[in-house]
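Chemist: Pasting upload29.pdb below, which is PDB, C-alpha atoms and all ligand atoms.
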```pdb
MODEL        1
ATOM      1  CA  MET A 267      -8.654  12.673   5.601  1.00  0.00           C
ATOM      2  CA  LYS A 268      -4.990  11.810   5.143  1.00  0.00           C
ATOM      3  CA  VAL A 269      -3.915   9.622   2.251  1.00  0.00           C
ATOM      4  CA  LEU A 270      -0.373   8.302   1.992  1.00  0.00           C
ATOM      5  CA  ALA A 271       0.856   7.018  -1.378  1.00  0.00           C
ATOM      6  CA  ILE A 272       3.916   4.771  -1.512  1.00  0.00           C
ATOM      7  CA  VAL A 273       5.779   4.056  -4.751  1.00  0.00           C
ATOM      8  CA  GLY A 274       8.007   0.964  -4.898  1.00  0.00           C
ATOM      9  CA  SER A 275       9.754   1.829  -8.164  1.00  0.00           C
ATOM     10  CA  SER A 276      12.994   3.817  -8.086  1.00  0.00           C
ATOM     11  CA  ARG A 277      12.051   5.322 -11.473  1.00  0.00           C
ATOM     12  CA  LYS A 278      10.787   8.802 -10.628  1.00  0.00           C
ATOM     13  CA  ASN A 279       7.670   9.768 -12.578  1.00  0.00           C
ATOM     14  CA  GLY A 280       7.573   6.279 -14.073  1.00  0.00           C
ATOM     15  CA  ASN A 281       4.562   4.110 -14.727  1.00  0.00           C
ATOM     16  CA  THR A 282       3.908   3.137 -11.110  1.00  0.00           C
ATOM     17  CA  ALA A 283       4.144   6.756 -10.004  1.00  0.00           C
ATOM     18  CA  SER A 284       1.791   7.898 -12.803  1.00  0.00           C
ATOM     19  CA  LEU A 285      -0.897   5.417 -11.802  1.00  0.00           C
ATOM     20  CA  VAL A 286      -0.497   5.958  -8.061  1.00  0.00           C
ATOM     21  CA  GLU A 287      -0.684   9.717  -8.629  1.00  0.00           C
ATOM     22  CA  GLU A 288      -3.953   9.314 -10.543  1.00  0.00           C
ATOM     23  CA  VAL A 289      -5.447   7.324  -7.658  1.00  0.00           C
ATOM     24  CA  GLY A 290      -4.297  10.191  -5.452  1.00  0.00           C
ATOM     25  CA  LYS A 291      -6.064  12.727  -7.699  1.00  0.00           C
ATOM     26  CA  GLY A 292      -9.257  10.709  -7.245  1.00  0.00           C
ATOM     27  CA  THR A 293      -8.956  11.068  -3.461  1.00  0.00           C
ATOM     28  CA  GLN A 294      -8.231  14.786  -3.830  1.00  0.00           C
ATOM     29  CA  GLU A 295     -11.560  15.176  -5.601  1.00  0.00           C
ATOM     30  CA  LEU A 296     -13.006  14.555  -2.137  1.00  0.00           C
ATOM     31  CA  ASN A 297     -10.477  16.964  -0.585  1.00  0.00           C
ATOM     32  CA  ALA A 298      -8.061  14.396   0.774  1.00  0.00           C
ATOM     33  CA  ASP A 299      -4.779  15.615   2.188  1.00  0.00           C
ATOM     34  CA  TYR A 300      -2.516  13.569  -0.109  1.00  0.00           C
ATOM     35  CA  GLU A 301       1.218  12.839   0.067  1.00  0.00           C
ATOM     36  CA  MET A 302       3.207  10.626  -2.312  1.00  0.00           C
ATOM     37  CA  LEU A 303       6.658   9.244  -1.543  1.00  0.00           C
ATOM     38  CA  TYR A 304       9.199   6.986  -3.200  1.00  0.00           C
ATOM     39  CA  LEU A 305      10.687   4.181  -1.117  1.00  0.00           C
ATOM     40  CA  SER A 306      13.972   4.870  -2.929  1.00  0.00           C
ATOM     41  CA  ASP A 307      14.254   8.129  -0.968  1.00  0.00           C
ATOM     42  CA  TYR A 308      14.285   6.164   2.298  1.00  0.00           C
ATOM     43  CA  SER A 309      16.865   3.799   3.691  1.00  0.00           C
ATOM     44  CA  ILE A 310      14.952   0.674   4.721  1.00  0.00           C
ATOM     45  CA  SER A 311      16.837  -2.430   5.818  1.00  0.00           C
ATOM     46  CA  ASP A 312      15.363  -5.900   5.671  1.00  0.00           C
ATOM     47  CA  CYS A 313      13.406  -7.394   8.578  1.00  0.00           C
ATOM     48  CA  THR A 314      15.882  -9.401  10.677  1.00  0.00           C
ATOM     49  CA  GLY A 315      13.199 -11.623  12.229  1.00  0.00           C
ATOM     50  CA  CYS A 316      14.434 -10.639  15.705  1.00  0.00           C
ATOM     51  CA  GLU A 317      10.843 -10.547  17.045  1.00  0.00           C
ATOM     52  CA  GLY A 318      11.752  -7.336  18.865  1.00  0.00           C
ATOM     53  CA  CYS A 319       8.343  -5.964  17.910  1.00  0.00           C
ATOM     54  CA  SER A 320       6.409  -8.918  19.310  1.00  0.00           C
ATOM     55  CA  LYS A 321       5.671  -7.468  22.740  1.00  0.00           C
ATOM     56  CA  THR A 322       5.316  -3.769  21.982  1.00  0.00           C
ATOM     57  CA  GLY A 323       4.246  -3.570  18.344  1.00  0.00           C
ATOM     58  CA  ILE A 324       7.197  -1.271  17.732  1.00  0.00           C
ATOM     59  CA  CYS A 325      10.032  -2.242  15.394  1.00  0.00           C
ATOM     60  CA  VAL A 326      13.458  -1.980  17.055  1.00  0.00           C
ATOM     61  CA  ILE A 327      15.425  -1.283  13.846  1.00  0.00           C
ATOM     62  CA  LYS A 328      16.413   2.358  13.830  1.00  0.00           C
ATOM     63  CA  ASP A 329      16.323   3.362  10.175  1.00  0.00           C
ATOM     64  CA  ASP A 330      14.087   5.454   7.914  1.00  0.00           C
ATOM     65  CA  MET A 331      11.233   2.986   8.346  1.00  0.00           C
ATOM     66  CA  GLN A 332      10.587   4.721  11.673  1.00  0.00           C
ATOM     67  CA  LYS A 333       9.634   7.863   9.702  1.00  0.00           C
ATOM     68  CA  LEU A 334       7.332   5.758   7.529  1.00  0.00           C
ATOM     69  CA  TYR A 335       5.641   4.080  10.517  1.00  0.00           C
ATOM     70  CA  LYS A 336       4.723   7.548  11.754  1.00  0.00           C
ATOM     71  CA  LYS A 337       3.330   8.576   8.374  1.00  0.00           C
ATOM     72  CA  ILE A 338       1.410   5.283   8.080  1.00  0.00           C
ATOM     73  CA  ASN A 339      -0.052   5.599  11.577  1.00  0.00           C
ATOM     74  CA  ASP A 340      -1.171   9.164  10.826  1.00  0.00           C
ATOM     75  CA  SER A 341      -2.946   8.119   7.602  1.00  0.00           C
ATOM     76  CA  ASP A 342      -6.553   7.093   7.060  1.00  0.00           C
ATOM     77  CA  ALA A 343      -5.780   5.383   3.779  1.00  0.00           C
ATOM     78  CA  ILE A 344      -2.850   4.058   1.794  1.00  0.00           C
ATOM     79  CA  ILE A 345      -2.162   3.836  -1.921  1.00  0.00           C
ATOM     80  CA  ILE A 346       0.652   1.419  -2.622  1.00  0.00           C
ATOM     81  CA  GLY A 347       2.185   0.635  -5.998  1.00  0.00           C
ATOM     82  CA  SER A 348       4.920  -1.536  -7.451  1.00  0.00           C
ATOM     83  CA  PRO A 349       6.077  -2.475 -10.917  1.00  0.00           C
ATOM     84  CA  THR A 350       6.520  -6.174 -11.612  1.00  0.00           C
ATOM     85  CA  TYR A 351      10.125  -7.271 -11.231  1.00  0.00           C
ATOM     86  CA  PHE A 352      10.404 -10.936 -12.212  1.00  0.00           C
ATOM     87  CA  TYR A 353       6.754 -11.740 -11.438  1.00  0.00           C
ATOM     88  CA  ASN A 354       6.928 -10.066  -8.022  1.00  0.00           C
ATOM     89  CA  VAL A 355       7.125  -6.667  -6.346  1.00  0.00           C
ATOM     90  CA  THR A 356      10.467  -4.837  -6.359  1.00  0.00           C
ATOM     91  CA  GLY A 357      13.036  -5.761  -3.710  1.00  0.00           C
ATOM     92  CA  ARG A 358      12.609  -2.353  -2.129  1.00  0.00           C
ATOM     93  CA  MET A 359       8.860  -2.895  -1.846  1.00  0.00           C
ATOM     94  CA  LYS A 360       9.338  -6.387  -0.386  1.00  0.00           C
ATOM     95  CA  ASN A 361      11.649  -4.975   2.316  1.00  0.00           C
ATOM     96  CA  PHE A 362       9.013  -2.381   3.123  1.00  0.00           C
ATOM     97  CA  LEU A 363       6.194  -4.957   3.268  1.00  0.00           C
ATOM     98  CA  ASP A 364       8.213  -7.277   5.512  1.00  0.00           C
ATOM     99  CA  ARG A 365       8.755  -4.434   7.944  1.00  0.00           C
ATOM    100  CA  LEU A 366       4.959  -4.139   8.329  1.00  0.00           C
ATOM    101  CA  TYR A 367       5.279  -7.345  10.397  1.00  0.00           C
ATOM    102  CA  THR A 368       5.419  -5.033  13.398  1.00  0.00           C
ATOM    103  CA  TYR A 369       1.657  -4.500  12.946  1.00  0.00           C
ATOM    104  CA  GLU A 370       0.904  -8.187  13.531  1.00  0.00           C
ATOM    105  CA  ILE A 371       0.463  -9.828  16.922  1.00  0.00           C
ATOM    106  CA  PHE A 372       0.398 -13.555  17.738  1.00  0.00           C
ATOM    107  CA  ASP A 373      -0.999 -15.536  20.648  1.00  0.00           C
ATOM    108  CA  ASP A 374       1.785 -16.467  23.112  1.00  0.00           C
ATOM    109  CA  ASP A 375       1.092 -20.210  22.923  1.00  0.00           C
ATOM    110  CA  ASP A 376      -0.508 -20.710  19.518  1.00  0.00           C
ATOM    111  CA  ARG A 377       1.007 -18.973  16.521  1.00  0.00           C
ATOM    112  CA  GLY A 378      -1.971 -20.095  14.476  1.00  0.00           C
ATOM    113  CA  VAL A 379      -3.897 -17.397  16.354  1.00  0.00           C
ATOM    114  CA  TRP A 380      -2.917 -13.947  15.176  1.00  0.00           C
ATOM    115  CA  LEU A 381      -4.359 -10.614  14.161  1.00  0.00           C
ATOM    116  CA  SER A 382      -3.290  -7.090  13.382  1.00  0.00           C
ATOM    117  CA  TYR A 383      -3.494  -4.031  15.604  1.00  0.00           C
ATOM    118  CA  ASN A 384      -5.535  -2.336  12.894  1.00  0.00           C
ATOM    119  CA  GLU A 385      -8.195  -5.037  13.112  1.00  0.00           C
ATOM    120  CA  VAL A 386      -8.623  -4.278  16.802  1.00  0.00           C
ATOM    121  CA  PHE A 387      -8.330  -0.491  16.743  1.00  0.00           C
ATOM    122  CA  GLY A 388      -9.972   0.192  13.375  1.00  0.00           C
ATOM    123  CA  LEU A 389      -9.418  -1.137   9.890  1.00  0.00           C
ATOM    124  CA  LYS A 390      -7.689   1.075   7.369  1.00  0.00           C
ATOM    125  CA  TYR A 391      -8.347   1.205   3.653  1.00  0.00           C
ATOM    126  CA  ALA A 392      -6.105   0.913   0.645  1.00  0.00           C
ATOM    127  CA  VAL A 393      -5.744   0.796  -3.108  1.00  0.00           C
ATOM    128  CA  THR A 394      -2.984  -1.337  -4.606  1.00  0.00           C
ATOM    129  CA  VAL A 395      -1.399  -0.674  -7.983  1.00  0.00           C
ATOM    130  CA  ALA A 396       0.660  -3.153 -10.000  1.00  0.00           C
ATOM    131  CA  ILE A 397       2.066  -2.495 -13.453  1.00  0.00           C
ATOM    132  CA  CYS A 398       4.035  -4.686 -15.850  1.00  0.00           C
ATOM    133  CA  GLU A 399       5.458  -4.589 -19.341  1.00  0.00           C
ATOM    134  CA  GLN A 400       3.871  -7.644 -20.908  1.00  0.00           C
ATOM    135  CA  GLU A 401       0.322  -7.876 -22.265  1.00  0.00           C
ATOM    136  CA  ASP A 402      -0.498 -11.261 -20.741  1.00  0.00           C
ATOM    137  CA  ILE A 403      -1.549 -10.907 -17.106  1.00  0.00           C
ATOM    138  CA  SER A 404       0.239 -14.137 -16.185  1.00  0.00           C
ATOM    139  CA  GLU A 405       3.515 -12.219 -16.725  1.00  0.00           C
ATOM    140  CA  MET A 406       2.589 -10.020 -13.766  1.00  0.00           C
ATOM    141  CA  GLY A 407       3.008 -13.056 -11.523  1.00  0.00           C
ATOM    142  CA  VAL A 408       2.135 -12.410  -7.884  1.00  0.00           C
ATOM    143  CA  THR A 409       2.795  -8.635  -7.842  1.00  0.00           C
ATOM    144  CA  SER A 410      -0.783  -7.577  -7.127  1.00  0.00           C
ATOM    145  CA  GLU A 411      -1.536 -10.417  -4.693  1.00  0.00           C
ATOM    146  CA  ILE A 412       1.638  -9.771  -2.646  1.00  0.00           C
ATOM    147  CA  LEU A 413       0.524  -6.166  -2.142  1.00  0.00           C
ATOM    148  CA  SER A 414      -3.116  -6.886  -1.303  1.00  0.00           C
ATOM    149  CA  LYS A 415      -2.522  -9.978   0.834  1.00  0.00           C
ATOM    150  CA  THR A 416       0.185  -8.312   2.915  1.00  0.00           C
ATOM    151  CA  LEU A 417      -1.973  -5.250   3.484  1.00  0.00           C
ATOM    152  CA  SER A 418      -4.901  -7.462   4.423  1.00  0.00           C
ATOM    153  CA  ALA A 419      -2.726  -9.285   6.982  1.00  0.00           C
ATOM    154  CA  VAL A 420      -1.939  -5.993   8.698  1.00  0.00           C
ATOM    155  CA  GLY A 421      -5.521  -4.746   8.672  1.00  0.00           C
ATOM    156  CA  TRP A 422      -5.907  -2.688   5.512  1.00  0.00           C
ATOM    157  CA  ARG A 423      -8.748  -3.698   3.262  1.00  0.00           C
ATOM    158  CA  SER A 424      -8.026  -2.974  -0.406  1.00  0.00           C
ATOM    159  CA  VAL A 425     -11.072  -1.388  -2.027  1.00  0.00           C
ATOM    160  CA  ALA A 426      -9.481  -1.782  -5.473  1.00  0.00           C
ATOM    161  CA  ASN A 427      -6.505  -3.663  -6.857  1.00  0.00           C
ATOM    162  CA  ILE A 428      -5.336  -2.055 -10.099  1.00  0.00           C
ATOM    163  CA  LYS A 429      -3.489  -4.330 -12.529  1.00  0.00           C
ATOM    164  CA  GLY A 430      -1.958  -2.398 -15.414  1.00  0.00           C
ATOM    165  CA  LEU A 431      -0.439  -4.203 -18.381  1.00  0.00           C
ATOM    166  CA  HIS A 432       1.710  -3.352 -21.390  1.00  0.00           C
ATOM    167  CA  ALA A 433       3.665  -0.347 -20.134  1.00  0.00           C
ATOM    168  CA  PHE A 434       7.418  -0.273 -20.505  1.00  0.00           C
ATOM    169  CA  LYS A 435       8.744   3.207 -21.307  1.00  0.00           C
ATOM    170  CA  LYS A 436       8.704   5.782 -18.544  1.00  0.00           C
ATOM    171  CA  GLY A 437       5.253   7.301 -18.230  1.00  0.00           C
ATOM    172  CA  GLU A 438       3.756   5.065 -20.937  1.00  0.00           C
ATOM    173  CA  ALA A 439       0.948   4.065 -18.575  1.00  0.00           C
ATOM    174  CA  LYS A 440      -0.209   7.702 -18.647  1.00  0.00           C
ATOM    175  CA  ILE A 441      -1.483   7.402 -22.209  1.00  0.00           C
ATOM    176  CA  ASN A 442      -3.671   4.411 -21.333  1.00  0.00           C
ATOM    177  CA  ASP A 443      -6.924   6.316 -20.787  1.00  0.00           C
ATOM    178  CA  PRO A 444      -9.080   3.400 -19.531  1.00  0.00           C
ATOM    179  CA  LEU A 445      -6.360   2.459 -17.006  1.00  0.00           C
ATOM    180  CA  MET A 446      -5.924   6.048 -15.819  1.00  0.00           C
ATOM    181  CA  ASN A 447      -9.697   6.334 -15.436  1.00  0.00           C
ATOM    182  CA  GLU A 448      -9.784   3.096 -13.440  1.00  0.00           C
ATOM    183  CA  CYS A 449      -7.094   4.551 -11.148  1.00  0.00           C
ATOM    184  CA  HIS A 450      -9.002   7.809 -10.730  1.00  0.00           C
ATOM    185  CA  GLN A 451     -12.227   5.995  -9.865  1.00  0.00           C
ATOM    186  CA  ALA A 452     -10.361   3.786  -7.392  1.00  0.00           C
ATOM    187  CA  GLY A 453      -9.171   6.950  -5.638  1.00  0.00           C
ATOM    188  CA  VAL A 454     -12.703   8.326  -5.438  1.00  0.00           C
ATOM    189  CA  LYS A 455     -13.892   4.996  -4.022  1.00  0.00           C
ATOM    190  CA  LEU A 456     -11.078   4.970  -1.463  1.00  0.00           C
ATOM    191  CA  ALA A 457     -11.973   8.438  -0.208  1.00  0.00           C
ATOM    192  CA  LYS A 458     -15.689   7.609  -0.115  1.00  0.00           C
ATOM    193  CA  THR A 459     -14.931   4.463   1.898  1.00  0.00           C
ATOM    194  CA  VAL A 460     -12.997   6.457   4.490  1.00  0.00           C
ATOM    195  CA  PHE A 461     -15.879   8.942   4.772  1.00  0.00           C
ATOM    196  CA  LEU A 462     -18.366   6.100   5.189  1.00  0.00           C
ATOM    197  CA  ALA A 463     -16.221   4.570   7.954  1.00  0.00           C
ATOM    198  CA  LYS A 464     -16.114   7.951   9.735  1.00  0.00           C
ATOM    199  CA  LYS A 465     -19.884   8.293   9.425  1.00  0.00           C
ATOM    200  CA  VAL A 466     -20.435   4.825  10.874  1.00  0.00           C
ATOM    201  CA  LYS A 467     -18.093   5.576  13.801  1.00  0.00           C
ATOM    202  CA  GLU A 468     -19.950   8.823  14.577  1.00  0.00           C
ATOM    203  CA  ASN A 469     -23.504   7.533  14.190  1.00  0.00           C
ATOM    204  CA  PHE A 470     -23.391   3.930  15.271  1.00  0.00           C
ATOM    205  CA  ASN A 471     -21.093   4.039  18.296  1.00  0.00           C
ATOM    206  CA  LYS A 472     -23.461   1.777  20.245  1.00  0.00           C
ATOM    207  CA  TYR A 473     -21.748  -1.104  18.459  1.00  0.00           C
TER     208      TYR A 473
HETATM  209  C1  LIG G   1      14.406  -5.972 -13.150  1.00  0.00           C
HETATM  210  C2  LIG G   1      13.127  -5.894 -13.934  1.00  0.00           C
HETATM  211  C3  LIG G   1      12.307  -7.001 -13.992  1.00  0.00           C
HETATM  212  C4  LIG G   1      11.096  -6.941 -14.682  1.00  0.00           C
HETATM  213  N1  LIG G   1      10.282  -8.057 -14.695  1.00  0.00           N
HETATM  214  C5  LIG G   1       9.107  -8.027 -15.383  1.00  0.00           C
HETATM  215  C6  LIG G   1       8.242  -9.172 -15.421  1.00  0.00           C
HETATM  216  O1  LIG G   1       8.508 -10.211 -14.807  1.00  0.00           O
HETATM  217  N2  LIG G   1       7.078  -9.080 -16.139  1.00  0.00           N
HETATM  218  C7  LIG G   1       6.744  -7.939 -16.844  1.00  0.00           C
HETATM  219  O2  LIG G   1       5.719  -7.920 -17.517  1.00  0.00           O
HETATM  220  N3  LIG G   1       7.531  -6.818 -16.772  1.00  0.00           N
HETATM  221  C8  LIG G   1       8.688  -6.844 -16.063  1.00  0.00           C
HETATM  222  N4  LIG G   1       9.490  -5.708 -16.005  1.00  0.00           N
HETATM  223  C9  LIG G   1       9.019  -4.444 -16.649  1.00  0.00           C
HETATM  224  C10 LIG G   1       8.422  -3.435 -15.667  1.00  0.00           C
HETATM  225  O3  LIG G   1       7.486  -4.031 -14.807  1.00  0.00           O
HETATM  226  C11 LIG G   1       7.742  -2.298 -16.444  1.00  0.00           C
HETATM  227  O4  LIG G   1       8.655  -1.692 -17.316  1.00  0.00           O
HETATM  228  C12 LIG G   1       7.091  -1.257 -15.574  1.00  0.00           C
HETATM  229  O5  LIG G   1       6.270  -0.432 -16.377  1.00  0.00           O
HETATM  230  C13 LIG G   1       8.102  -0.356 -14.858  1.00  0.00           C
HETATM  231  O6  LIG G   1       7.425   0.549 -14.009  1.00  0.00           O
HETATM  232  P1  LIG G   1       8.095   1.911 -13.462  1.00  0.00           P
HETATM  233  O7  LIG G   1       8.164   2.854 -14.618  1.00  0.00           O
HETATM  234  O8  LIG G   1       7.223   2.381 -12.389  1.00  0.00           O
HETATM  235  O9  LIG G   1       9.456   1.530 -12.933  1.00  0.00           O
HETATM  236  C14 LIG G   1      10.723  -5.757 -15.348  1.00  0.00           C
HETATM  237  C15 LIG G   1      11.576  -4.630 -15.292  1.00  0.00           C
HETATM  238  C16 LIG G   1      12.761  -4.706 -14.614  1.00  0.00           C
HETATM  239  C17 LIG G   1      13.674  -3.477 -14.569  1.00  0.00           C
ENDMDL
END
```
Is it possible to express this structure as structure tokens?
Modeler:
Amino acid sequence: MKVLAIVGSSRKNGNTASLVEEVGKGTQELNADYEMLYLSDYSISDCTGCEGCSKTGICVIKDDMQKLYKKINDSDAIIIGSPTYFYNVTGRMKNFLDRLYTYEIFDDDDRGVWLSYNEVFGLKYAVTVAICEQEDISEMGVTSEILSKTLSAVGWRSVANIKGLHAFKKGEAKINDPLMNECHQAGVKLAKTVFLAKKVKENFNKY
């Protein structure tokens, strides 16, 4: 089982990375092959809305996102995390999410009819992680929903959406034991979900 973890903060070993890493450790408990990367190490331009992907499902922009598409396609599960920046995900994360548009396909005549390639060829599974500085969850804004709703649109079902509060200094989230435990358990659940999906595919192929 391959698990890809994507961190949308440029702060290496920061709060997002700490929580994402703990979800990853949960998956490793079930022997997942786990890789974590920072979007800040990749050059990802914004989606130009050219619709170049609409016929083939392949994005025509030749930048580092092509490397990420390959990693994503090779993964069974995704862990994706962003700190809150002004009630939303980071700009880097938003660019990345917009580029997932290539995984959506629309009916030629009715754009109200659409689906994702993953829905047709096999759902994938995810855990989302959002972290913010303030104690009141309303200060997190739409960070968590942007992650989970975008993933859902491209055919990844989130088995857990972690919402961490009250972490500002680098790595501060690490000393929040209940939050770290929640992340760890989310990782275990993610790995178990992938195994269950594999079992269903093997044993119930008559469907
Ligand atoms: C540009 C910027 C905007 C931020 N906006 C918010 C916000 O709207 N609400 C909040 O609670 N924290 C906000 N924060 C705080 C971060 O979400 C918080 O420090 C987080 O733990 C950083 O995670 P990291 O260590 O992974 O970068 C903001 C931080 C920055 C740098």
Chemist: Within 8 Å of ligand LIG 1 (chain G), counting all atoms listed in the file, which protein or nucleic acid residues do you find, written as a ChimeraX atom specification?
Modeler: /A:273-284,348-354,356,397-403,405-407,431-439
Chemist: Distance atom CA of A:Tyr308-atom CA of A:Tyr383, one decimal place?
Modeler: 24.4 Å
Chemist: Please write as a ChimeraX atom specification the full residue list that the PyMOL selection byres (((chain A and resi 381) around 9) and not hetatm) yields on this file.
Modeler: /A:369-373,379-380,382-386,419-421
Chemist: Calculate how many Å separate atom CA of A:Leu285 from atom CA of A:Ala452, rounding to one decimal.
Modeler: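 Between atom CA of A:Leu285 and atom CA of A:Ala452 the gap works out to 10.6 Å.
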Chemist: In Å, how far is it from atom CA of A:Ser341 to atom CA of A:Thr459?
Modeler: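 Interatomic distance, atom CA of A:Ser341 to atom CA of A:Thr459: 13.8 Å.
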Chemist: If you count all atoms listed in the file, which residues fall within 6 Å of A:Ile272, apart from same-chain ones fewer than 2 positions away, as number ranges by chain?
Modeler: A: 302-304, 346
Chemist: Find the residues near A:Arg365: any atom within 10 Å, counting only C-alpha atoms, skip ones fewer than 4 places away on the same chain, and give them as a ChimeraX atom specification.
Modeler: /A:310-315,325,327,331,335,359-361,369
Chemist: Restricting it to C-alpha atoms, dump the selection as a compact mmCIF listing (two decimals), keeping the file's coordinate frame.
Modeler:
```txt
# COMPACT_ATOMS: atom_id res chain seq x y z
CA ILE A 310 14.95 0.67 4.72
CA SER A 311 16.84 -2.43 5.82
CA ASP A 312 15.36 -5.90 5.67
CA CYS A 313 13.41 -7.39 8.58
CA THR A 314 15.88 -9.40 10.68
CA GLY A 315 13.20 -11.62 12.23
CA CYS A 325 10.03 -2.24 15.39
CA ILE A 327 15.42 -1.28 13.85
CA MET A 331 11.23 2.99 8.35
CA TYR A 335 5.64 4.08 10.52
CA MET A 359 8.86 -2.90 -1.85
CA LYS A 360 9.34 -6.39 -0.39
CA ASN A 361 11.65 -4.97 2.32
CA TYR A 369 1.66 -4.50 12.95
```
Chemist: Find the residues near A:Leu456: any atom within 10 Å, counting all atoms listed in the file, skip ones fewer than 6 places away on the same chain, and give them as an MDAnalysis selection string.
Modeler: chainID A and resid 269 289:290 292:293 296 342:345 391:393 424:426 450 462
Chemist: Considering all atoms listed in the file, state which residue in the set A:Lys336, A:Met267, A:Glu287, A:Leu366 is at the smallest distance from A:Cys319.
Modeler: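 Looking only at the distances to A:Cys319, the closest residue turns out to be A:Leu366.
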Chemist: Using only C-alpha atoms, which of A:Leu413, A:Cys316, A:Ile338, A:Leu445 sits nearest A:Val355?
Modeler: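 Smallest distance to A:Val355 is found for A:Leu413.
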